[in-house]
Amino acid sequence: MRKGTLVVDEVALPEPGPGEVLVKTLACGICGSDLHALRHAERFVENQRRVGARFVMDLARDVVMGHEFCAEVVEFGPKTERRLPVGTRVCSTPGLVRSDGVRTVGYSNETPGGYAEYMRLTESRLLTVPDSLSTERAALTEPMAVGLHAVNMARIQPDDAPLVIGCGPVGLAVIAALRLTVARPIVAADFSPRRRALAEELGADVVVDPAAHSPWTQWAEMATWRDPARAPALPAWMPGPPLRPAVVFECVGVPGVVDQLMANAPRGTRIVVVGVCMEPDTIHPMLGISKELALQFVLGYTAAEFEETLGLIASGAIPTAPLITGRVGLDGVAGAFTELASPDRHAKIIVEPWRA
């Protein structure tokens with residue numbers, strides 16, 4: 001990323017420092033956050049500063065992006081244990097751990113990401129990719145871990161009735177993680193026919209086209225109590241039959257969506273905001289107050305969730321093959337960013353830096 005555009009250029013080979021490993025990038029997924037960071041670069045940096053980030057991108061300098069990767073060990077830096085042989089395929093959380101703090105891989109001027117032939121990673125964070133798992137699917141560990149974390153943060157209970165709004169890569173990751181819980185049925189909504197089909201492949205029980213039907217109407221039909229005797233009594237001023245607790249995952253990241261959800265949600269709904277909105281947004285707090293709504297914002301994952309996700313993908317518990325809809329070399333990255341703007345064309349494009 002150079003002055004607001006994507007360019008291909010030769011840069012210096014990154015040199016691993018103490019406790020670091022030089023790796024060869026085998027595959028790297030293009031994340032929606034990367035699209036946002038390119039389009040809203042100044043706002044991205046402003047947000048980094050406002051949350052107190054220790055290391056903030058300098059947009060006057062180059063940034064090699066890419067944080068959803070599978071790589072191969074090439075060389076060890078000083079003070080490393082060398083526990084993995086050269087050539088081992090690895091995944092890692094995208095953070096370079098140094099004595100002065102953690103630098104985010106792919107959003108740093110000093111720490112190049114997976115849209116490059118080589119990266120450096122912290123040795124202690126490396127996870128070996130099982131032989132049975134393809135490189136491309138292993139590269140999806142990072143985005144699928146986002147879904148697992150969101151569902152974990154929602155603290156799903158057996159009676160909960162989930163609704164996923166938006167079936168882009170983030171929403172699909174949430175759906176895949178919801179399938180690991182006891183909450184059924186999973187209702188998902190998206191305007192794109194392609195994304196609705198993918199939602200079904202990843203485990204949604206009911207998919208809704210918001211242009212034709214209200215997601216809330218479809219959800220309400222599915223959210224009846226399995227045991228009516230357990231349904232709580234509603235206040236006299238709230239019409240309609242009692243429904244199971246709503247847990248809504250906002251996976252769109254566009255201004256206005258959270259407020260719409262608050263307006264339509266039944267009383268007591270838990271709204272989990274997973275979509276990354278880079279722009280200022282407006283909500284009406286009285287909507288939340290009147291209905292006693294809960295808003296939970298989530299980001300990323302823990303190291304344990306990342307490792308768990310790799311295992312779940314390898315075992316087949318989290319399906320990822322349907323998500324991979326394209327592959328490009330370095331010369332195709334800028335074009336892939338443009339193609340990903342169309343929801344009916346692609347879900348996840350994989351960058352293979354060594355592809356001709």
# chains A, B, ... in the order shown; residues from 1 in each chain; ligands from 1
call {"tool": "residues_around", "arguments": {"residues": "segment 27-32 of chain A", "least_positions_apart": "2", "cutoff": "8 Å", "atoms": "only C-alpha atoms", "output": "list of chain:residue names"}}
result
A:Thr25, A:Asp34, A:Leu35, A:His36, A:Gly66, A:His67, A:Glu68, A:Phe69, A:Cys70, A:Ala71, A:Gly114, A:Tyr115, A:Thr135, A:Glu136, A:Ala139, A:Leu140, A:Pro143, A:Pro169, A:Phe337, A:Lys348, A:Ile349, A:Ile350, A:Val351, A:Glu352, A:Pro353
call {"tool": "residues_around", "arguments": {"residues": "Arg83 of chain A", "least_positions_apart": "5", "cutoff": "12 Å", "atoms": "only C-alpha atoms", "output": "list in words"}}
result
Gly19, Val21, Val73, Glu75, Phe76, Thr88, Glu123, Ser124, Arg125, Leu126, Leu127 and Thr128 of chain A
call {"tool": "write_last_selection", "arguments": {"atoms": "C-alpha atoms", "output": "PDB file, in the first residue's frame"}}
result
ATOM      1  CA  GLY A  19      13.250 -15.111  18.596  1.00  0.00           C
ATOM      2  CA  VAL A  21      11.840 -16.829  11.950  1.00  0.00           C
ATOM      3  CA  VAL A  73       9.904 -21.976   7.602  1.00  0.00           C
ATOM      4  CA  GLU A  75      15.573 -19.470   8.246  1.00  0.00           C
ATOM      5  CA  PHE A  76      15.965 -18.877  11.978  1.00  0.00           C
ATOM      6  CA  THR A  88       7.646 -26.937   7.876  1.00  0.00           C
ATOM      7  CA  GLU A 123       8.927 -18.488  16.632  1.00  0.00           C
ATOM      8  CA  SER A 124       6.920 -19.115  19.805  1.00  0.00           C
ATOM      9  CA  ARG A 125       3.675 -18.311  17.968  1.00  0.00           C
ATOM     10  CA  LEU A 126       4.153 -20.776  15.116  1.00  0.00           C
ATOM     11  CA  LEU A 127       1.628 -23.597  14.732  1.00  0.00           C
ATOM     12  CA  THR A 128       2.415 -26.606  12.557  1.00  0.00           C
TER      13      THR A 128
END
call {"tool": "atom_distance", "arguments": {"atom1": "atom CA of Gly203 of chain A", "atom2": "atom CA of Val333 of chain A"}}
result
29.7 Å
call {"tool": "select_by_dssp", "arguments": {"residues": "segment 20-202 of chain A", "states": "strand (DSSP E or B)", "output": "ChimeraX atom specification"}}
result
/A:20-29,68-76,89-91,95-98,101-104,118-122,127-128,161-165,187-189
call {"tool": "residues_around", "arguments": {"residues": "Thr309 of chain A", "least_positions_apart": "6", "cutoff": "12 Å", "atoms": "only C-alpha atoms", "output": "PyMOL selection string"}}
result
chain A and resi 91-93+127+129+137-149+173+176-177+180+301-303+315-320
call {"tool": "atom_distance", "arguments": {"atom1": "atom CA of Gly77 of chain A", "atom2": "atom CA of Thr111 of chain A"}}
result
15.0 Å
call {"tool": "atom_distance", "arguments": {"atom1": "atom CA of Leu293 of chain A", "atom2": "atom CA of Val164 of chain A"}}
result
16.5 Å
